[in-house]
Structures are given as structure tokens and as C-alpha cells.
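Colleague: Sharing a structure here in C-alpha cells format.
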Amino acid sequence: MLCHQHPSQDTNSSREDIEVTKRLIEAGHMIGVEVLDHLIINAEAGYTSLKEKGYV
């Protein structure tokens, strides 16, 4: 499970978020670790799931 917060509190995924997620999934495959989801969260308990968006 990956998780991070944007300083702007906007939970929308950026192009960079998607690219890093893809690279981490590839790295995980190489060492036998499955990435289940990548969440972008904010202080108001809002979030975006990259799995729900189809990127994981």
C-alpha cells in the first residue's frame, strides 16, 4: 500500500503520481511485492485511490 499527501490538499493524481506508481509496481514485481493501492490523502480525510482510477 502506497500513500502520500499533496501540500496543496488537492487529492487529484498528477501525471508524476501515475508514473511513480507504475515504476513502483514494476519494482515490486522484481522483488515479489504486490502494490495493492496508492492513496493520495488530505487533512480533511479526503482521498483519491489510484486503484479505483484504474492505475493499479
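FYI, nothing fancy with the C-alpha cells labels: chains A, B, ... in order, residues from 1 per chain, ligands from 1 as they appear.
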So which residues of chain A fall under helix (DSSP H, G or I) by DSSP, listed as an NGL selection string?

Modeller: :A and (15-31)

Colleague: Need to verify the contact set: Thr11 of chain A, 9 Å, only C-alpha atoms, exclusion of same-chain residues closer than 5 positions in sequence. Can you return it as a PyMOL selection string?

Modeller: chain A and resi 5-6+39-42+46-48

Colleague: I'd like the contact shell of Ile18 of chain A - 12 Å cut-off, only C-alpha atoms, skipping same-chain residues fewer than 2 positions apart - returned as a list in words.

Modeller: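 Returned residues: Leu2, Asn12, Ser13, Ser14, Arg15, Glu16, Val20, Thr21, Lys22, Arg23, Leu24, Ile25, Asp37, His38, Leu39, Ile40, Thr48, Ser49, Leu50, Lys51, Lys53, Gly54, Tyr55 and Val56 of chain A.
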
Colleague: Write out as a VMD selection string all residues of chain A that DSSP puts in strand (DSSP E) for this structure's backbone.

Modeller: chain A and resid 2 to 5 38 to 41 47 to 49
